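Engineer: Pasting final.txt here (compact mmCIF, C-alpha atoms (C1' of nucleotides)):
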# COMPACT_ATOMS: atom_id res chain seq x y z
CA MET A 29 5.85 10.13 -5.34
CA GLU A 30 4.22 11.45 -2.22
CA PRO A 31 6.80 10.90 0.53
CA THR A 32 4.25 10.34 3.30
CA THR A 33 2.20 7.73 1.53
CA GLN A 34 5.39 6.16 0.22
CA LEU A 35 6.49 5.55 3.80
CA PHE A 36 3.20 3.77 4.49
CA LYS A 37 3.20 1.86 1.19
CA ALA A 38 6.55 0.42 2.08
CA LEU A 39 5.04 -1.00 5.25
CA SER A 40 2.16 -2.64 3.42
CA GLU A 41 3.86 -5.95 2.84
CA PRO A 42 4.63 -8.46 5.57
CA VAL A 43 8.04 -9.17 4.08
CA ARG A 44 9.16 -5.60 4.35
CA LEU A 45 7.92 -5.31 7.91
CA ARG A 46 10.03 -8.35 8.79
CA ILE A 47 13.04 -6.82 7.08
CA ILE A 48 12.64 -3.64 9.07
CA ALA A 49 12.20 -5.67 12.25
CA MET A 50 15.46 -7.44 11.55
CA LEU A 51 17.26 -4.16 10.95
CA LEU A 52 16.03 -2.58 14.17
CA ASP A 53 19.01 -4.13 15.94
CA GLY A 54 21.47 -2.70 13.46
CA GLU A 55 23.08 -3.34 10.15
CA ARG A 56 22.78 -6.71 8.46
CA CYS A 57 24.14 -8.23 5.33
CA VAL A 58 21.89 -9.55 2.61
CA CYS A 59 22.66 -13.20 3.31
CA GLU A 60 21.47 -12.80 6.90
CA LEU A 61 18.25 -11.24 5.71
CA MET A 62 17.81 -13.95 3.10
CA ALA A 63 18.36 -16.68 5.64
CA GLY A 64 16.03 -15.12 8.14
CA LEU A 65 13.27 -14.52 5.65
CA ASP A 66 13.72 -17.91 3.94
CA MET A 67 12.77 -16.48 0.55
CA PRO A 68 14.30 -16.45 -2.93
CA GLN A 69 17.23 -14.11 -3.37
CA SER A 70 15.46 -12.03 -6.02
CA THR A 71 12.45 -11.53 -3.78
CA VAL A 72 14.58 -10.24 -0.93
CA SER A 73 16.60 -8.01 -3.23
CA ARG A 74 13.54 -6.48 -4.77
CA HIS A 75 12.00 -5.66 -1.38
CA LEU A 76 15.28 -4.15 -0.22
CA ALA A 77 15.29 -1.97 -3.31
CA TYR A 78 11.74 -0.93 -2.58
CA LEU A 79 12.60 -0.02 1.02
CA LYS A 80 15.59 1.92 -0.21
CA ASN A 81 13.57 3.85 -2.77
CA SER A 82 10.95 4.73 -0.22
CA GLY A 83 13.51 6.03 2.26
CA TRP A 84 13.39 3.31 4.90
CA VAL A 85 16.81 1.76 4.46
CA THR A 86 20.23 2.53 3.11
CA GLY A 87 22.68 0.03 1.73
CA GLU A 88 26.28 -0.24 0.75
CA ARG A 89 28.44 -2.82 -0.88
CA ARG A 90 31.70 -3.93 0.66
CA GLY A 91 33.42 -6.25 -1.72
CA VAL A 92 30.88 -8.82 -2.86
CA TRP A 93 28.75 -8.49 0.26
CA SER A 94 25.98 -5.92 0.58
CA TYR A 95 24.95 -4.45 3.93
CA TYR A 96 21.70 -2.71 4.80
CA ARG A 97 20.64 -0.63 7.75
CA LEU A 98 17.74 1.54 8.66
CA ARG A 99 18.03 5.04 7.35
CA GLU A 100 18.06 7.98 9.72
CA PRO A 101 14.53 9.47 9.68
CA THR A 102 14.18 12.72 7.81
CA THR A 103 10.82 13.83 9.16
CA ASP A 104 9.01 13.75 12.47
CA LEU A 105 6.44 11.38 11.03
CA HIS A 106 9.17 9.05 9.82
CA ARG A 107 10.82 9.12 13.23
CA GLY A 108 7.52 8.49 14.96
CA LEU A 109 6.74 5.59 12.67
CA LEU A 110 10.12 4.05 13.33
CA GLU A 111 9.67 4.33 17.09
CA LEU A 112 6.23 2.82 16.78
CA LEU A 113 7.55 -0.10 14.77
CA ALA A 114 10.41 -0.58 17.21
CA ALA A 115 7.91 -0.83 20.03
CA HIS A 116 5.43 -3.11 18.31
CA LEU A 117 7.01 -5.23 15.62
CA PRO A 118 7.51 -8.78 16.78
CA ARG A 119 11.14 -9.68 17.08
CA ASP A 120 11.26 -12.98 15.33
CA PRO A 121 14.16 -14.92 16.88
CA ALA A 122 14.26 -17.25 13.92
CA ALA A 123 14.56 -14.27 11.63
CA ALA A 124 16.37 -11.77 13.76
CA GLY A 125 19.00 -13.94 15.32
CA LEU A 126 20.90 -16.19 13.05
CA ASP A 127 22.36 -19.41 14.34
CA VAL A 128 25.65 -19.40 12.50
CA ALA A 129 26.63 -22.85 13.72
CA ALA A 130 23.42 -24.33 12.40
CA MET A 131 23.87 -22.63 9.09
CA THR A 132 27.40 -23.88 8.78
CA ALA A 133 26.21 -27.36 9.64
CA ALA A 134 23.67 -27.03 6.89
CA GLY A 135 26.48 -26.64 4.42
CA LYS A 136 26.34 -22.92 3.90
CA ALA A 137 29.95 -22.06 4.35
CA ASN A 138 29.86 -18.69 2.64
CA ARG A 139 28.81 -15.87 4.88
CA CYS A 140 29.55 -12.21 5.14
CA MET B 28 -5.79 -10.25 5.10
CA GLU B 29 -3.00 -9.44 7.48
CA PRO B 30 -4.42 -6.88 9.92
CA THR B 31 -1.13 -5.03 10.44
CA THR B 32 -0.31 -4.51 6.81
CA GLN B 33 -3.95 -3.70 6.14
CA LEU B 34 -3.68 -0.78 8.54
CA PHE B 35 -0.67 0.52 6.61
CA LYS B 36 -2.21 -0.17 3.20
CA ALA B 37 -5.14 1.99 4.13
CA LEU B 38 -2.76 4.88 4.75
CA SER B 39 -1.06 4.51 1.38
CA GLU B 40 -3.34 6.88 -0.46
CA PRO B 41 -3.39 10.66 0.05
CA VAL B 42 -7.16 10.72 -0.12
CA ARG B 43 -7.55 8.35 2.78
CA LEU B 44 -5.04 10.25 4.87
CA ARG B 45 -7.09 13.39 4.30
CA ILE B 46 -10.27 11.58 5.27
CA ILE B 47 -8.68 10.43 8.50
CA ALA B 48 -7.39 13.94 9.14
CA MET B 49 -10.91 15.26 8.76
CA LEU B 50 -12.28 12.68 11.14
CA LEU B 51 -9.71 13.39 13.84
CA ASP B 52 -12.01 16.10 15.14
CA GLY B 53 -14.98 13.79 15.32
CA GLU B 54 -17.80 12.35 13.34
CA ARG B 55 -18.66 13.77 9.93
CA CYS B 56 -21.29 13.08 7.37
CA VAL B 57 -20.46 11.99 3.87
CA CYS B 58 -21.42 15.29 2.28
CA GLU B 59 -18.95 17.14 4.49
CA LEU B 60 -16.21 14.76 3.46
CA MET B 61 -17.19 15.06 -0.18
CA ALA B 62 -17.15 18.82 -0.03
CA GLY B 63 -13.83 18.92 1.77
CA LEU B 64 -12.17 16.48 -0.56
CA ASP B 65 -13.70 18.00 -3.69
CA MET B 66 -13.91 14.61 -5.42
CA PRO B 67 -16.62 12.57 -7.15
CA GLN B 68 -19.10 10.94 -4.82
CA SER B 69 -18.17 7.42 -5.92
CA THR B 70 -14.50 8.07 -5.23
CA VAL B 71 -15.20 9.23 -1.68
CA SER B 72 -17.57 6.35 -1.05
CA ARG B 73 -15.08 3.78 -2.25
CA HIS B 74 -12.32 5.13 -0.02
CA LEU B 75 -14.66 5.20 2.95
CA ALA B 76 -15.51 1.58 2.28
CA TYR B 77 -11.82 0.77 2.12
CA LEU B 78 -11.14 2.51 5.43
CA LYS B 79 -14.06 0.69 6.97
CA ASN B 80 -12.87 -2.70 5.75
CA SER B 81 -9.39 -2.08 7.02
CA GLY B 82 -10.59 -1.12 10.47
CA TRP B 83 -9.91 2.62 10.45
CA VAL B 84 -13.45 3.99 10.46
CA THR B 85 -16.96 3.02 11.33
CA GLY B 86 -20.09 4.34 9.71
CA GLU B 87 -23.77 4.42 10.25
CA ARG B 88 -26.75 5.60 8.34
CA ARG B 89 -29.35 7.90 9.86
CA GLY B 90 -32.17 8.36 7.41
CA VAL B 91 -30.61 9.17 4.05
CA TRP B 92 -27.47 10.63 5.56
CA SER B 93 -24.41 8.52 6.40
CA TYR B 94 -22.01 9.45 9.17
CA TYR B 95 -18.46 8.26 9.66
CA ARG B 96 -16.06 8.45 12.56
CA LEU B 97 -12.73 6.98 13.46
CA ARG B 98 -12.99 3.55 14.93
CA GLU B 99 -11.69 2.87 18.41
CA PRO B 100 -8.26 1.23 18.03
CA THR B 101 -8.18 -2.48 18.76
CA THR B 102 -4.43 -2.94 19.06
CA ASP B 103 -1.54 -0.99 20.53
CA LEU B 104 -0.09 -0.51 17.08
CA HIS B 105 -3.37 0.85 15.81
CA ARG B 106 -3.59 3.23 18.76
CA GLY B 107 -0.01 4.34 18.26
CA LEU B 108 -0.58 4.95 14.56
CA LEU B 109 -3.64 7.02 15.30
CA GLU B 110 -1.78 9.16 17.81
CA LEU B 111 1.04 9.59 15.33
CA LEU B 112 -1.37 10.71 12.63
CA ALA B 113 -3.13 13.04 15.02
CA ALA B 114 0.19 14.67 15.80
CA HIS B 115 1.47 14.94 12.26
CA LEU B 116 -1.30 14.99 9.70
CA PRO B 117 -1.84 18.50 8.35
CA ARG B 118 -5.17 19.88 9.35
CA ASP B 119 -6.44 21.27 6.11
CA PRO B 120 -8.81 24.13 7.03
CA ALA B 121 -10.41 23.97 3.62
CA ALA B 122 -11.01 20.30 4.09
CA ALA B 123 -11.46 20.01 7.82
CA GLY B 124 -13.66 22.93 8.54
CA LEU B 125 -16.56 23.53 6.26
CA ASP B 126 -17.93 27.00 5.77
CA VAL B 127 -21.62 26.28 5.79
CA ALA B 128 -22.56 29.77 4.83
CA ALA B 129 -20.31 29.68 1.80
CA MET B 130 -21.71 26.35 0.77
CA THR B 131 -25.26 27.56 1.10
CA ALA B 132 -24.37 30.62 -0.91
CA ALA B 133 -22.96 28.33 -3.54
CA GLY B 134 -26.35 26.83 -3.99
CA LYS B 135 -25.89 23.64 -2.07
CA ALA B 136 -29.01 23.67 0.07
CA ASN B 137 -29.04 20.04 1.00
CA ARG B 138 -26.86 19.20 3.93
CA CYS B 139 -26.91 16.66 6.65
C1' DT C 9 -46.92 4.45 -4.73
C1' DC C 10 -43.91 7.49 -6.94
C1' DT C 11 -40.27 10.82 -7.03
C1' DG C 12 -36.15 12.86 -5.37
C1' DT C 13 -31.98 12.64 -2.65
C1' DG C 14 -28.05 10.46 -0.70
C1' DT C 15 -24.93 6.85 -0.96
C1' DA C 16 -23.20 2.22 -1.98
C1' DT C 17 -21.58 -0.69 -5.62
C1' DC C 18 -20.31 -2.03 -10.24
C1' DC C 19 -17.88 -1.45 -14.63
C1' DG C 20 -14.16 -1.00 -17.87
C1' DG C 21 -9.77 0.90 -18.26
C1' DA C 22 -5.39 1.85 -16.36
C1' DT C 23 -1.52 1.70 -13.03
C1' DA C 24 1.10 -0.34 -9.20
C1' DG C 25 3.31 -3.99 -7.57
C1' DG C 26 4.02 -9.05 -5.88
C1' DC C 27 6.18 -13.63 -7.33
C1' DG C 28 10.15 -16.87 -8.67
C1' DG C 29 13.19 -17.97 -12.24
C1' DA C 30 16.44 -16.21 -15.42
C1' DT C 31 19.82 -13.06 -16.55
C1' DA C 32 23.01 -9.17 -15.96
C1' DT C 33 26.39 -6.90 -13.21
C1' DT C 34 30.04 -6.38 -9.83
C1' DG C 35 33.87 -7.96 -7.06
C1' DT C 36 37.40 -11.34 -5.83
C1' DC C 37 40.77 -14.79 -6.45
C1' DA C 38 43.67 -18.05 -8.78
C1' DT D 29 41.80 -13.53 -17.98
C1' DG D 30 38.45 -16.66 -16.53
C1' DA D 31 35.69 -18.84 -13.01
C1' DC D 32 32.93 -18.28 -9.10
C1' DA D 33 30.02 -15.96 -5.69
C1' DA D 34 26.95 -12.34 -4.33
C1' DT D 35 23.45 -9.45 -5.62
C1' DA D 36 20.83 -6.34 -8.62
C1' DT D 37 17.57 -6.26 -12.31
C1' DC D 38 14.46 -8.04 -15.77
C1' DC D 39 10.65 -10.96 -17.45
C1' DG D 40 6.11 -12.83 -17.91
C1' DC D 41 2.29 -13.65 -15.25
C1' DC D 42 -0.92 -12.40 -11.96
C1' DT D 43 -3.33 -9.72 -8.23
C1' DA D 44 -4.52 -5.43 -6.10
C1' DT D 45 -6.31 -1.13 -6.51
C1' DC D 46 -7.12 3.56 -8.40
C1' DC D 47 -10.37 6.42 -11.33
C1' DG D 48 -15.02 8.57 -12.73
C1' DG D 49 -19.28 7.55 -14.74
C1' DA D 50 -23.22 4.67 -14.53
C1' DT D 51 -26.27 2.07 -11.98
C1' DA D 52 -28.43 -0.03 -7.90
C1' DC D 53 -30.20 0.53 -3.40
C1' DA D 54 -32.16 2.81 0.80
C1' DC D 55 -34.77 6.44 2.86
C1' DA D 56 -38.06 10.26 3.14
C1' DG D 57 -41.78 13.02 1.75
C1' DA D 58 -45.81 14.12 -1.00
For the file at hand, write its structure as structure tokens.

Structural biologist:
Amino acid sequence: MEPTTQLFKALSEPVRLRIIAMLLDGERCVCELMAGLDMPQSTVSRHLAYLKNSGWVTGERRGVWSYYRLREPTTDLHRGLLELLAAHLPRDPAAAGLDVAAMTAAGKANRC
Amino acid sequence: MEPTTQLFKALSEPVRLRIIAMLLDGERCVCELMAGLDMPQSTVSRHLAYLKNSGWVTGERRGVWSYYRLREPTTDLHRGLLELLAAHLPRDPAAAGLDVAAMTAAGKANRC
DNA sequence: TCTGTGTATCCGGATAGGCGGATATTGTCA
DNA sequence: TGACAATATCCGCCTATCCGGATACACAGA
């Protein structure tokens, strides 16, 4: 697994770019990512695993909830890519900023 | 075809990264790229087509010879990626700079 | 017009990877 | 201990894409 191309491969799907965009502001739990992406749980989980395997994110479980954050870059290219994404990825308010009140109103009581 | 992810997809293969690295110094003809990459002609051609379709390079034919160069970036992300690659892609002397004399000695008379 | 050269494209085979639903696993609480 | 919730992983299906050899196409020169 060529590390350089793996970094780029991970960015070759719109879903993963959105996940990274959401994590640019800091750590998030899986339910926030799921809500923001509006996709099946298995789809989100699989992309998170892919990002983890390719070195883009790191995750940890606290109790039942899982939290993900961007991983500290290990190479200059990685760092440069991250800065580039931070400067150019659209910050999707609907995805990046969750309206907790609205979610609660929608009947989703369980949140991390 | 999402333009952003297409840019990243194109960088997901080592061969294409090497092609871009070779083109960072300017236009090259296909035979130079073939010699530098040391791969079958069809393989090189296919990757060049891929890079062309994804917006990374542009090519033109002059007589029998075909020449390729990096395309002028059309977005800020594209421009940033290109600068990043220019700063970090290894410049492979064996690939980037062809020894014409050695090639001629090797019996390869035909060159663009 | 024909031949040779350079290059684009196609082909069959193989691998990578995306999808949503189903299932397995882990943690928590009663 | 069992039920429930969160999440990781698997499954079958499907698309994308890689490979080198073969073939098709374009150009130039005799």

Engineer: Which residue is closest to chain C? Choose from A:Val72, A:Met62, A:Ala115, A:Leu105 and count only C-alpha atoms (C1' of nucleotides).

Structural biologist: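 Residue with the minimum atom-to-atom distance to chain C: A:Val72.
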
Engineer: In Å to one decimal, how far is atom CA of A:Gln34 from atom CA of A:Glu60?

Structural biologist: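 So the two atoms, atom CA of A:Glu60 and atom CA of A:Gln34, lie 25.7 Å apart.
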
Engineer: Please provide chain B as a compact mmCIF listing (two decimals) with C-alpha atoms, keeping the file's coordinate frame, once it has been superposed on chain A by least squares across all sequentially paired Cα atoms.

Structural biologist:
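See superposed.txt below for the written result:
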# COMPACT_ATOMS: atom_id res chain seq x y z
CA MET B 28 5.79 10.19 -5.35
CA GLU B 29 4.25 11.51 -2.19
CA PRO B 30 6.84 10.93 0.55
CA THR B 31 4.28 10.36 3.32
CA THR B 32 2.23 7.76 1.53
CA GLN B 33 5.43 6.19 0.23
CA LEU B 34 6.50 5.56 3.81
CA PHE B 35 3.20 3.79 4.48
CA LYS B 36 3.22 1.90 1.18
CA ALA B 37 6.56 0.43 2.09
CA LEU B 38 5.02 -1.00 5.25
CA SER B 39 2.14 -2.62 3.39
CA GLU B 40 3.87 -5.93 2.82
CA PRO B 41 4.64 -8.46 5.57
CA VAL B 42 8.03 -9.17 4.08
CA ARG B 43 9.15 -5.59 4.35
CA LEU B 44 7.92 -5.31 7.91
CA ARG B 45 10.02 -8.35 8.77
CA ILE B 46 13.04 -6.83 7.07
CA ILE B 47 12.64 -3.66 9.09
CA ALA B 48 12.20 -5.71 12.25
CA MET B 49 15.47 -7.47 11.52
CA LEU B 50 17.25 -4.20 10.95
CA LEU B 51 16.02 -2.63 14.17
CA ASP B 52 19.00 -4.19 15.92
CA GLY B 53 21.46 -2.77 13.44
CA GLU B 54 23.09 -3.36 10.13
CA ARG B 55 22.79 -6.74 8.44
CA CYS B 56 24.13 -8.25 5.29
CA VAL B 57 21.89 -9.54 2.57
CA CYS B 58 22.63 -13.19 3.26
CA GLU B 59 21.47 -12.81 6.85
CA LEU B 60 18.24 -11.27 5.66
CA MET B 61 17.80 -13.96 3.05
CA ALA B 62 18.35 -16.70 5.58
CA GLY B 63 16.01 -15.13 8.09
CA LEU B 64 13.27 -14.54 5.59
CA ASP B 65 13.70 -17.91 3.90
CA MET B 66 12.76 -16.49 0.49
CA PRO B 67 14.29 -16.46 -3.00
CA GLN B 68 17.21 -14.11 -3.41
CA SER B 69 15.45 -12.02 -6.06
CA THR B 70 12.44 -11.52 -3.80
CA VAL B 71 14.59 -10.23 -0.94
CA SER B 72 16.59 -8.01 -3.26
CA ARG B 73 13.49 -6.47 -4.77
CA HIS B 74 12.00 -5.65 -1.38
CA LEU B 75 15.28 -4.15 -0.22
CA ALA B 76 15.29 -1.97 -3.31
CA TYR B 77 11.74 -0.92 -2.55
CA LEU B 78 12.61 -0.02 1.03
CA LYS B 79 15.61 1.91 -0.20
CA ASN B 80 13.58 3.86 -2.74
CA SER B 81 10.96 4.72 -0.19
CA GLY B 82 13.50 6.03 2.29
CA TRP B 83 13.40 3.29 4.93
CA VAL B 84 16.84 1.74 4.48
CA THR B 85 20.24 2.51 3.12
CA GLY B 86 22.68 0.02 1.71
CA GLU B 87 26.26 -0.24 0.74
CA ARG B 88 28.43 -2.79 -0.90
CA ARG B 89 31.71 -3.94 0.61
CA GLY B 90 33.43 -6.27 -1.79
CA VAL B 91 30.85 -8.80 -2.94
CA TRP B 92 28.75 -8.47 0.19
CA SER B 93 25.97 -5.89 0.55
CA TYR B 94 24.95 -4.47 3.90
CA TYR B 95 21.72 -2.73 4.80
CA ARG B 96 20.65 -0.66 7.77
CA LEU B 97 17.74 1.51 8.68
CA ARG B 98 18.05 5.00 7.36
CA GLU B 99 18.08 7.93 9.75
CA PRO B 100 14.56 9.43 9.73
CA THR B 101 14.24 12.71 7.87
CA THR B 102 10.86 13.81 9.19
CA ASP B 103 9.05 13.70 12.50
CA LEU B 104 6.48 11.35 11.05
CA HIS B 105 9.20 9.02 9.84
CA ARG B 106 10.85 9.08 13.25
CA GLY B 107 7.54 8.45 14.98
CA LEU B 108 6.75 5.54 12.68
CA LEU B 109 10.12 4.00 13.35
CA GLU B 110 9.67 4.27 17.10
CA LEU B 111 6.22 2.78 16.78
CA LEU B 112 7.56 -0.15 14.78
CA ALA B 113 10.40 -0.64 17.21
CA ALA B 114 7.89 -0.88 20.03
CA HIS B 115 5.42 -3.16 18.31
CA LEU B 116 6.99 -5.25 15.59
CA PRO B 117 7.47 -8.84 16.73
CA ARG B 118 11.09 -9.73 17.04
CA ASP B 119 11.22 -13.04 15.28
CA PRO B 120 14.14 -14.96 16.84
CA ALA B 121 14.30 -17.25 13.85
CA ALA B 122 14.50 -14.27 11.59
CA ALA B 123 16.28 -11.74 13.73
CA GLY B 124 18.98 -13.80 15.26
CA LEU B 125 20.86 -16.14 13.03
CA ASP B 126 22.42 -19.28 14.41
CA VAL B 127 25.70 -19.27 12.57
CA ALA B 128 26.69 -22.65 13.82
CA ALA B 129 23.47 -24.19 12.58
CA MET B 130 23.89 -22.54 9.23
CA THR B 131 27.44 -23.77 8.89
CA ALA B 132 26.29 -27.23 9.84
CA ALA B 133 23.69 -26.98 7.14
CA GLY B 134 26.40 -26.63 4.60
CA LYS B 135 26.26 -22.93 4.02
CA ALA B 136 29.93 -22.05 4.30
CA ASN B 137 29.79 -18.72 2.58
CA ARG B 138 28.79 -15.89 4.82
CA CYS B 139 29.50 -12.24 5.00

Engineer: Restrict the calculation to all atoms listed in the file, then for each residue of chain A with any atom at most 12 Å from an atom of chain D give the closest atom pair and their distance in Å to one decimal, rows by chain and rising residue number, as CSV.

Structural biologist:
residue,atom,partner,partner_atom,distance
A:Ser40,CA,D:DA44,C1',12.0
A:Cys57,CA,D:DA34,C1',10.9
A:Val58,CA,D:DT35,C1',8.4
A:Cys59,CA,D:DA34,C1',8.8
A:Met62,CA,D:DT35,C1',11.3
A:Pro68,CA,D:DT35,C1',11.8
A:Gln69,CA,D:DT35,C1',8.1
A:Ser70,CA,D:DA36,C1',8.2
A:Thr71,CA,D:DA36,C1',11.0
A:Val72,CA,D:DT35,C1',10.1
A:Ser73,CA,D:DA36,C1',7.1
A:Arg74,CA,D:DA36,C1',8.2
A:His75,CA,D:DA36,C1',11.4
A:Leu76,CA,D:DA36,C1',10.3
A:Ala77,CA,D:DA36,C1',8.8
A:Glu88,CA,D:DT35,C1',11.6
A:Arg89,CA,D:DT35,C1',9.6
A:Arg90,CA,D:DA34,C1',10.9
A:Gly91,CA,D:DA34,C1',9.3
A:Val92,CA,D:DA34,C1',5.5
A:Trp93,CA,D:DA34,C1',6.3
A:Ser94,CA,D:DT35,C1',7.6
A:Tyr95,CA,D:DT35,C1',10.9
A:Ala137,CA,D:DA33,C1',11.7
A:Asn138,CA,D:DA33,C1',8.8
A:Arg139,CA,D:DA34,C1',10.0
A:Cys140,CA,D:DA34,C1',9.8

Engineer: In Å, how far is it from atom CA of A:Leu112 to atom CA of B:Leu38?

Structural biologist: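 Separation between atom CA of A:Leu112 and atom CA of B:Leu38: 15.2 Å.
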
Engineer: List the spatial neighbours of B:Glu54 as a list in words - criterion: any atom at most 10 Å away, all atoms listed in the file, same-chain residues fewer than 5 positions off excluded.

Structural biologist: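 The filter keeps Met49, Val84, Thr85, Gly86, Tyr94, Tyr95, Arg96 and Leu97 of chain B.
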
Engineer: Save out the residues we just selected, C-alpha atoms, as a PDB file, in the frame of the given file.

Structural biologist:
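Below you can see part-v4.pdb, which holds the result:
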ATOM      1  CA  MET B  49     -10.910  15.260   8.760  1.00  0.00           C
ATOM      2  CA  VAL B  84     -13.450   3.990  10.460  1.00  0.00           C
ATOM      3  CA  THR B  85     -16.960   3.020  11.330  1.00  0.00           C
ATOM      4  CA  GLY B  86     -20.090   4.340   9.710  1.00  0.00           C
ATOM      5  CA  TYR B  94     -22.010   9.450   9.170  1.00  0.00           C
ATOM      6  CA  TYR B  95     -18.460   8.260   9.660  1.00  0.00           C
ATOM      7  CA  ARG B  96     -16.060   8.450  12.560  1.00  0.00           C
ATOM      8  CA  LEU B  97     -12.730   6.980  13.460  1.00  0.00           C
TER       9      LEU B  97
END

Engineer: Looking at only C-alpha atoms, which of B:Pro117, B:Leu108, B:Met66, B:Glu99 is the one that sits closest to B:Gly53?

Structural biologist: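 Closest to B:Gly53 of all the choices is B:Glu99.
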
Engineer: Write down, as a list in words, each residue of chain C that has any atom within 12 Å of an atom of chain A, counting only C-alpha atoms (C1' of nucleotides).

Structural biologist: DA24, DG25, DG26, DC27, DG28, DG29, DA30, DT31, DT33, DT34, DG35 and DT36 of chain C

Engineer: Within 10 Å of chain A, which residues of chain B show up? Give each one with its shortest atom-to-atom distance in Å (one decimal) and the two atoms involved, counting all atoms listed in the file, rows by chain then rising residue number, as a Markdown table.

Structural biologist:
| residue | atom | partner | partner_atom | distance |
| --- | --- | --- | --- | --- |
| B:Glu29 | CA | A:Pro42 | CA | 7.9 |
| B:Thr31 | CA | A:Ser40 | CA | 8.1 |
| B:Thr32 | CA | A:Ser40 | CA | 4.6 |
| B:Gln33 | CA | A:Ser40 | CA | 6.8 |
| B:Leu34 | CA | A:Ser40 | CA | 8.0 |
| B:Phe35 | CA | A:Ser40 | CA | 5.3 |
| B:Lys36 | CA | A:Ser40 | CA | 5.0 |
| B:Ala37 | CA | A:Phe36 | CA | 8.5 |
| B:Leu38 | CA | A:Phe36 | CA | 6.1 |
| B:Ser39 | CA | A:Thr33 | CA | 4.6 |
| B:Glu40 | CA | A:Thr33 | CA | 5.9 |
| B:Pro41 | CA | A:Thr33 | CA | 6.5 |
| B:Val42 | CA | A:Thr33 | CA | 10.0 |
| B:Arg43 | CA | A:Thr33 | CA | 9.8 |
| B:Leu44 | CA | A:Thr33 | CA | 8.4 |
| B:Thr102 | CA | A:His116 | CA | 9.9 |
| B:Asp103 | CA | A:His116 | CA | 7.6 |
| B:Leu104 | CA | A:His116 | CA | 6.2 |
| B:His105 | CA | A:Leu112 | CA | 9.8 |
| B:Gly107 | CA | A:Leu112 | CA | 6.6 |
| B:Leu108 | CA | A:Leu112 | CA | 7.5 |
| B:Glu110 | CA | A:Gly108 | CA | 9.7 |
| B:Leu111 | CA | A:Gly108 | CA | 6.6 |
| B:Leu112 | CA | A:Leu105 | CA | 8.0 |
| B:Ala114 | CA | A:Leu105 | CA | 8.5 |
| B:His115 | CA | A:Leu105 | CA | 6.2 |
| B:Leu116 | CA | A:Leu105 | CA | 8.6 |

Engineer: Quick one, how far is atom CA of A:Asp66 from atom CA of A:Arg46?

Structural biologist: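 These atoms are spaced 11.3 Å apart.
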
Engineer: Looking at A:Arg56, A:Leu65, A:Thr102, A:Ala114, which one is nearest to A:Trp84, with distances taken over only C-alpha atoms?

Structural biologist: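 The closest residue to A:Trp84 is A:Thr102.
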